[in-house]
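Just final03.txt here, compact mmCIF, C-alpha atoms:
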# COMPACT_ATOMS: atom_id res chain seq x y z
CA MET A 12 -24.87 16.39 -132.07
CA ARG A 13 -23.51 18.31 -129.12
CA ILE A 14 -21.44 15.59 -127.41
CA ALA A 15 -19.15 13.42 -129.47
CA ILE A 16 -16.47 10.77 -129.06
CA ILE A 17 -13.34 11.96 -130.88
CA LYS A 18 -10.99 9.07 -130.12
CA GLN A 19 -11.11 5.71 -128.44
CA LYS A 20 -8.24 3.30 -127.93
CA PRO A 21 -8.91 -0.40 -127.30
CA SER A 22 -8.70 -1.81 -123.80
CA LEU A 23 -5.79 -3.87 -122.58
CA VAL A 24 -6.54 -6.82 -120.30
CA ILE A 25 -7.85 -5.22 -117.12
CA LEU A 26 -6.68 -8.13 -114.99
CA GLY A 27 -3.10 -7.26 -115.79
CA ILE A 28 -3.17 -4.18 -113.55
CA LEU A 29 -0.94 -4.71 -110.54
CA ILE A 30 -1.94 -8.33 -110.11
CA GLY A 31 1.00 -8.77 -107.78
CA CYS A 32 -0.43 -6.55 -105.03
CA ALA A 33 -0.14 -8.46 -101.78
CA SER A 34 -3.73 -8.26 -100.53
CA LEU A 35 -5.49 -7.29 -103.79
CA GLY A 36 -7.52 -4.85 -101.69
CA ILE A 37 -9.10 -7.50 -99.46
CA LEU A 38 -7.43 -6.32 -96.27
CA PRO A 39 -8.27 -2.74 -95.16
CA THR A 40 -5.28 -0.39 -95.27
CA ASN A 41 -4.68 3.36 -95.40
CA GLU A 42 -3.63 3.00 -99.03
CA ASN A 43 -6.85 1.31 -100.17
CA LYS A 44 -9.13 3.42 -97.92
CA GLY A 45 -10.63 0.39 -96.22
CA GLY A 46 -10.57 -1.93 -99.23
CA ILE A 47 -13.61 -3.94 -100.24
CA LEU A 48 -15.39 -3.34 -96.93
CA ALA A 49 -15.37 0.42 -97.50
CA GLN A 50 -16.40 -0.11 -101.12
CA ILE A 51 -19.67 -1.93 -100.36
CA PRO A 52 -21.86 1.18 -99.86
CA ILE A 53 -20.47 2.76 -103.05
CA LEU A 54 -21.24 -0.39 -105.03
CA THR A 55 -24.89 -0.03 -104.00
CA GLY A 56 -25.09 3.58 -105.21
CA ILE A 57 -24.10 5.66 -102.18
CA GLU A 58 -21.79 8.56 -103.04
CA ASP A 59 -18.05 8.09 -102.53
CA ASN A 60 -16.89 10.45 -99.79
CA SER A 61 -13.25 10.07 -100.92
CA ARG A 62 -14.00 11.36 -104.41
CA LYS A 63 -12.97 14.96 -105.07
CA LEU A 64 -12.57 17.48 -107.86
CA LEU A 65 -9.01 18.80 -108.10
CA GLN A 66 -8.00 21.71 -110.31
CA ILE A 67 -4.49 21.97 -111.74
CA VAL A 68 -3.34 25.20 -113.39
CA ASN A 69 -0.11 26.97 -114.27
CA ASP A 70 0.97 30.54 -113.69
CA LYS A 71 -0.49 31.66 -117.04
CA SER A 72 -4.01 30.55 -116.12
CA GLU A 73 -6.55 33.32 -115.55
CA LYS A 74 -8.08 31.19 -112.81
CA PHE A 75 -4.76 31.30 -110.98
CA ILE A 76 -4.01 34.95 -111.71
CA SER A 77 -7.45 36.01 -110.45
CA ASN A 78 -7.52 33.73 -107.40
CA LYS A 79 -3.95 33.09 -106.27
CA ASP A 80 -5.00 32.48 -102.67
CA ASP A 81 -7.04 29.45 -103.77
CA PHE A 82 -3.97 27.55 -105.02
CA ILE A 83 -0.67 26.19 -103.72
CA LYS A 84 2.41 25.10 -105.64
CA PHE A 85 1.94 21.55 -106.86
CA LYS A 86 5.43 20.60 -105.65
CA ASP A 87 4.38 21.49 -102.07
CA SER A 88 1.16 19.45 -102.19
CA GLU A 89 0.48 16.04 -100.70
CA TYR A 90 -0.32 14.82 -104.20
CA TYR A 91 3.16 15.50 -105.58
CA LYS A 92 4.77 14.07 -102.44
CA SER A 93 2.80 10.83 -102.89
CA LEU A 94 4.35 10.16 -106.31
CA SER A 95 7.16 7.74 -106.95
CA LYS A 96 10.63 9.09 -107.75
CA ASN A 97 10.16 8.23 -111.41
CA ASN A 98 6.82 10.02 -111.62
CA LYS A 99 8.18 13.07 -109.83
CA ALA A 100 10.95 13.30 -112.42
CA LYS A 101 8.35 13.60 -115.19
CA PHE A 102 7.25 16.96 -113.78
CA GLU A 103 10.75 18.42 -113.95
CA LYS A 104 10.20 20.75 -116.92
CA ASN A 105 7.26 22.70 -115.50
CA LEU A 106 7.12 21.76 -111.81
CA ASN A 107 7.78 25.30 -110.63
CA THR A 108 4.91 26.75 -112.68
CA LEU A 109 2.19 24.24 -111.69
CA TYR A 110 -0.38 24.95 -108.98
CA ILE A 111 -3.24 22.94 -107.49
CA SER A 112 -6.41 24.00 -105.74
CA LYS A 113 -6.05 24.10 -101.95
CA LYS A 114 -9.51 22.57 -101.58
CA PRO A 115 -11.67 20.45 -103.86
CA VAL A 116 -13.53 22.69 -106.29
CA GLU A 117 -17.24 22.94 -107.02
CA ILE A 118 -18.23 23.30 -110.66
CA SER A 119 -19.58 26.69 -111.69
CA LYS A 120 -19.22 29.05 -114.66
CA ASN A 121 -16.16 30.51 -112.94
CA THR A 122 -14.42 27.21 -112.15
CA ALA A 123 -15.34 24.89 -115.05
CA THR A 124 -12.42 24.12 -117.37
CA PHE A 125 -12.24 23.02 -121.00
CA GLN A 126 -9.99 20.06 -120.14
CA ASN A 127 -11.32 17.42 -117.73
CA PHE A 128 -10.13 13.97 -116.72
CA THR A 129 -11.38 10.93 -114.81
CA ASN A 130 -8.84 8.27 -113.83
CA GLY A 131 -9.12 4.51 -113.91
CA MET A 132 -8.23 1.76 -111.43
CA MET A 133 -5.43 1.69 -108.89
CA ASN A 134 -4.44 5.37 -109.00
CA ASN A 135 -3.77 7.62 -106.05
CA ALA A 136 -4.66 11.29 -106.55
CA GLY A 137 -1.12 12.26 -107.55
CA GLU A 138 -1.05 9.59 -110.26
CA ALA A 139 -4.49 10.69 -111.47
CA ILE A 140 -3.19 14.25 -111.87
CA LYS A 141 -0.13 13.05 -113.79
CA ASN A 142 -2.26 10.88 -116.09
CA GLY A 143 -4.76 13.69 -116.60
CA LEU A 144 -2.08 16.13 -117.69
CA GLN A 145 -0.66 13.56 -120.10
CA GLN A 146 -3.95 12.38 -121.60
CA THR A 147 -5.41 15.84 -122.15
CA GLY A 148 -2.29 17.08 -123.92
CA SER A 149 -1.48 19.43 -121.05
CA TRP A 150 1.87 17.83 -120.28
CA ASN A 151 4.85 20.20 -120.04
CA ILE A 152 3.09 23.15 -121.67
CA ARG A 153 5.28 26.21 -121.17
CA GLU A 154 3.87 29.09 -123.20
CA ASP A 155 0.11 28.64 -122.84
CA ALA A 156 -2.28 28.31 -119.92
CA ILE A 157 -2.88 24.94 -118.28
CA GLU A 158 -6.34 24.46 -116.74
CA LEU A 159 -7.43 20.93 -115.88
CA THR A 160 -10.12 19.54 -113.59
CA VAL A 161 -9.54 15.99 -112.32
CA ASN A 162 -12.63 14.05 -111.26
CA TYR A 163 -10.67 11.82 -108.89
CA ASN A 164 -11.92 8.23 -108.76
CA PRO A 165 -10.47 6.81 -105.50
CA SER A 166 -8.82 3.40 -105.40
CA TYR A 167 -9.92 0.70 -102.94
CA GLY A 168 -7.32 -1.85 -103.99
CA PHE A 169 -7.39 -4.14 -106.99
CA LEU A 170 -10.48 -6.19 -106.13
CA GLY A 171 -12.44 -3.22 -104.80
CA ASP A 172 -11.81 -1.27 -108.00
CA LEU A 173 -12.57 -4.31 -110.15
CA PHE A 174 -15.91 -4.89 -108.39
CA GLU A 175 -16.85 -1.26 -108.93
CA ALA A 176 -15.96 -1.41 -112.62
CA THR A 177 -17.95 -4.64 -113.01
CA VAL A 178 -21.10 -3.14 -111.48
CA ASP A 179 -21.03 -0.17 -113.87
CA LYS A 180 -20.04 -2.26 -116.89
CA PHE A 181 -22.92 -4.72 -116.48
CA GLY A 182 -25.90 -2.48 -115.84
CA GLY A 183 -25.58 -1.26 -112.25
CA THR A 184 -24.82 2.28 -111.12
CA THR A 185 -22.24 2.84 -108.40
CA GLY A 186 -22.04 5.96 -106.28
CA MET A 187 -18.92 7.06 -108.15
CA ALA A 188 -20.74 6.67 -111.47
CA LYS A 189 -23.55 8.92 -110.24
CA GLN A 190 -20.99 11.52 -109.18
CA THR A 191 -19.31 11.25 -112.59
CA GLY A 192 -22.64 11.73 -114.39
CA ASN A 193 -23.28 14.85 -112.31
CA PHE A 194 -19.74 16.06 -113.06
CA TYR A 195 -20.24 15.78 -116.82
CA SER A 196 -23.61 17.51 -116.70
CA ASP A 197 -22.34 20.30 -114.44
CA VAL A 198 -19.25 21.02 -116.56
CA ILE A 199 -21.13 20.93 -119.85
CA GLY A 200 -23.88 23.13 -118.47
CA ALA A 201 -21.38 25.62 -117.04
CA ARG A 202 -19.15 25.75 -120.13
CA GLY A 203 -22.00 26.06 -122.63
CA ASP A 204 -20.89 27.56 -125.95
CA ALA A 205 -17.24 27.54 -124.79
CA GLY A 206 -17.23 23.74 -125.10
CA SER A 207 -15.35 21.12 -123.10
CA ASN A 208 -13.28 17.99 -123.47
CA PHE A 209 -13.31 14.92 -121.23
CA ALA A 210 -10.52 12.33 -121.19
CA ASN A 211 -11.34 8.96 -119.61
CA HIS A 212 -8.85 6.26 -118.72
CA SER A 213 -9.87 2.61 -118.34
CA GLN A 214 -12.57 2.24 -115.64
CA ALA A 215 -13.51 5.90 -116.06
CA ASN A 216 -15.29 4.99 -119.30
CA ALA A 217 -17.61 2.59 -117.46
CA LEU A 218 -18.23 5.27 -114.83
CA THR A 219 -19.07 7.77 -117.57
CA ASN A 220 -21.36 5.45 -119.52
CA SER A 221 -23.27 4.38 -116.40
CA GLY A 222 -23.26 7.87 -114.89
CA ILE A 223 -24.66 9.66 -117.94
CA LYS A 224 -27.48 7.11 -118.22
CA TRP A 225 -28.30 7.62 -114.55
CA LYS A 226 -28.20 11.40 -114.86
CA ILE A 227 -30.62 11.38 -117.80
CA ASP A 228 -33.18 9.62 -115.61
CA ASN A 229 -32.41 11.62 -112.47
CA GLY A 230 -32.68 15.34 -113.01
CA GLY A 231 -31.82 15.40 -116.71
CA PHE A 232 -28.52 15.81 -118.51
CA ASP A 233 -27.47 19.38 -119.37
CA VAL A 234 -25.89 19.34 -122.84
CA ASN A 235 -26.35 23.08 -123.54
CA ASN A 236 -25.30 24.44 -126.94
CA GLY A 237 -21.53 24.01 -127.02
CA GLU A 238 -19.37 21.35 -128.65
CA HIS A 239 -18.29 18.79 -126.07
CA THR A 240 -15.98 15.86 -126.77
CA ILE A 241 -14.93 12.63 -125.06
CA VAL A 242 -11.55 10.93 -125.52
CA SER A 243 -11.33 7.34 -124.28
CA PHE A 244 -8.19 5.38 -123.41
CA GLY A 245 -8.19 1.65 -122.62
CA SER A 246 -11.98 1.58 -122.51
CA PRO A 247 -13.92 -1.49 -121.32
CA VAL A 248 -16.98 0.11 -122.98
CA GLY A 249 -17.29 -0.30 -126.73
CA ARG A 250 -17.55 2.76 -128.96
CA SER A 251 -21.03 1.81 -130.20
CA GLU A 252 -22.32 1.43 -126.64
CA MET A 253 -20.89 4.79 -125.59
CA GLU A 254 -22.32 6.45 -128.70
CA LYS A 255 -25.81 5.14 -127.84
CA THR A 256 -25.53 6.70 -124.39
CA ILE A 257 -24.31 10.02 -125.81
CA ASN A 258 -27.05 10.05 -128.44
CA LEU A 259 -29.57 9.45 -125.67
CA ALA A 260 -28.19 12.41 -123.73
CA ASN A 261 -28.34 14.59 -126.83
CA SER A 262 -31.89 13.56 -127.76
CA ASN A 263 -33.19 14.12 -124.23
CA THR A 264 -32.06 17.76 -124.42
CA GLY A 265 -33.14 18.37 -128.00
CA ASN A 266 -29.56 18.49 -129.31
CA ASN A 267 -29.13 16.10 -132.23

Mind converting the file's structure to structure tokens?
Amino acid sequence: MRIAIIKQKPSLVILGILIGCASLGILPTNENKGGILAQIPILTGIEDNSRKLLQIVNDKSEKFISNKDDFIKFKDSEYYKSLSKNNKAKFEKNLNTLYISKKPVEISKNTATFQNFTNGMMNNAGEAIKNGLQQTGSWNIREDAIELTVNYNPSYGFLGDLFEATVDKFGGTTGMAKQTGNFYSDVIGARGDAGSNFANHSQANALTNSGIKWKIDNGGFDVNNGEHTIVSFGSPVGRSEMEKTINLANSNTGNN
């Protein structure tokens, strides 16, 4: 089997996430990118224009060393500036060595990274980066290279995010799920024998499960020959259900 789940932690109650938010995402704001109204097209399968692929590296990364003009210091980015004081403090040990892509990246053999992350509900991009570094074991690495691609899942407020998760959990396919399925296939195809690891937090597991199924039926899923793993945190998708989807992806490419 070429894709495998290596760890999955049980989900906490999803309704406990920031239940005290004033509008719950009903009223359009800059923070929720238009809230539920903006979310409607994505719920029906149209791609999410606010989704982006962000690459985080340190000064020991070959991607940075070879393409310094493509990156800026993370501490100078809008993503770092959007973090709370407490979250900024967590970057203290390696803040000066972290860099982020100036523009969203496109996956290719040159850009694809071993470590990859998709965030869950109610995260801005800065929080998604922080969580990705933590949940891929890339947090505060000093001696080795850091190379992480974040498949940023935008937040549309509590209810908007909850509706999206519900669609993907119960058989639908949102635009963000389609983009996530393409992301997995592109990274795995580009990495090949070098392998890859994907960490998913919360809603990201529903996006992955739905997105891989969609990709199998729409262009085919590229598993290639490498070893590729998935780590799930707080997943609303059971391990057995995710394994069925992964086995389907493997069997459709002849990798069992």

Practice problem: Write out as an MDAnalysis selection string the residues lying within 12 Å of Gly231 of chain A, counting only C-alpha atoms and excluding same-chain residues fewer than 6 positions away. | Solution: chainID A and resid 192:193 195:197 200 222:225 259:265

Those selected residues, please, written with C-alpha atoms and delivered as a CSV table (one decimal), in the coordinates of the input.
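Result saved to selection-v2.csv:
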chain,number,residue,atom,x,y,z
A,192,GLY,CA,-22.6,11.7,-114.4
A,193,ASN,CA,-23.3,14.8,-112.3
A,195,TYR,CA,-20.2,15.8,-116.8
A,196,SER,CA,-23.6,17.5,-116.7
A,197,ASP,CA,-22.3,20.3,-114.4
A,200,GLY,CA,-23.9,23.1,-118.5
A,222,GLY,CA,-23.3,7.9,-114.9
A,223,ILE,CA,-24.7,9.7,-117.9
A,224,LYS,CA,-27.5,7.1,-118.2
A,225,TRP,CA,-28.3,7.6,-114.6
A,259,LEU,CA,-29.6,9.4,-125.7
A,260,ALA,CA,-28.2,12.4,-123.7
A,261,ASN,CA,-28.3,14.6,-126.8
A,262,SER,CA,-31.9,13.6,-127.8
A,263,ASN,CA,-33.2,14.1,-124.2
A,264,THR,CA,-32.1,17.8,-124.4
A,265,GLY,CA,-33.1,18.4,-128.0

Quiz item: Can you tell me, as a VMD selection string, what residues are no more than 9 Å from Leu64 of chain A when counting all atoms listed in the file, ignoring any on the same chain fewer than 6 positions away?
Solution: chain A and resid 114 to 118 160 to 163 194

Cut-off 12 Å: closest segment 148-182 of chain A/segment 75-99 of chain A atom pairs per residue, using all atoms listed in the file, as CSV:
residue,atom,partner,partner_atom,distance
A:Ala156,CA,A:Phe75,CA,9.7
A:Ile157,CA,A:Phe75,CA,9.9
A:Glu158,CA,A:Phe75,CA,9.1
A:Leu159,CA,A:Phe75,CA,11.8
A:Tyr163,CA,A:Tyr90,CA,11.8

Exercise. Determine, counting only C-alpha atoms, every residue of protein, DNA or RNA that lies within 10 Å of (-15.3, 8.1, -118.2) in the file coordinates, then give the result as a PyMOL selection string.
Key: chain A and resi 128-131+162+188+191-192+195+209-223+241-244+246+248+253

Quiz item: What does the distance from atom CA of Thr108 of chain A to atom CA of Pro165 of chain A come to in Å, to one decimal?
Solution: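 About the pair atom CA of Thr108 of chain A and atom CA of Pro165 of chain A: they are 26.2 Å apart.
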
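The spacing separating atom CA of Ser61 of chain A from atom CA of Lys101 of chain A amounts to 26.1 Å.
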
Quiz prompt | For atom CA of Ile152 of chain A and atom CA of Arg62 of chain A, the interatomic separation in Å (one decimal) | solution =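 Computing it gives 27.0 Å between the two atoms.
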
Quiz item: With only C-alpha atoms as the atoms that count, which of A:Ser166, A:Gln66, A:Asn258, A:Asn229 lies nearest to Thr124 of chain A?
Solution: A:Gln66

Hey, can I get the axis-aligned box for segment 168-175 of chain A? All listed atoms, 8 Å padding on each side, centre and edge lengths in Å to one decimal, as AutoDock Vina command-line options.
--center_x -12.1 --center_y -3.7 --center_z -107.1 --size_x 25.5 --size_y 20.9 --size_z 22.2

Could you build a table of the residues in segment 96-158 of chain A lying no more than 10 Å from segment 167-187 of chain A, giving for each the nearest pair of atoms and their separation in Å rounded to one decimal place, using all atoms listed in the file, ordered by chain and ascending residue number, as CSV?
residue,atom,partner,partner_atom,distance
A:Gly131,CA,A:Asp172,CA,8.7
A:Met132,CA,A:Asp172,CA,5.8
A:Met133,CA,A:Gly168,CA,6.3
A:Asn134,CA,A:Gly168,CA,9.2
A:Asn135,CA,A:Tyr167,CA,9.8
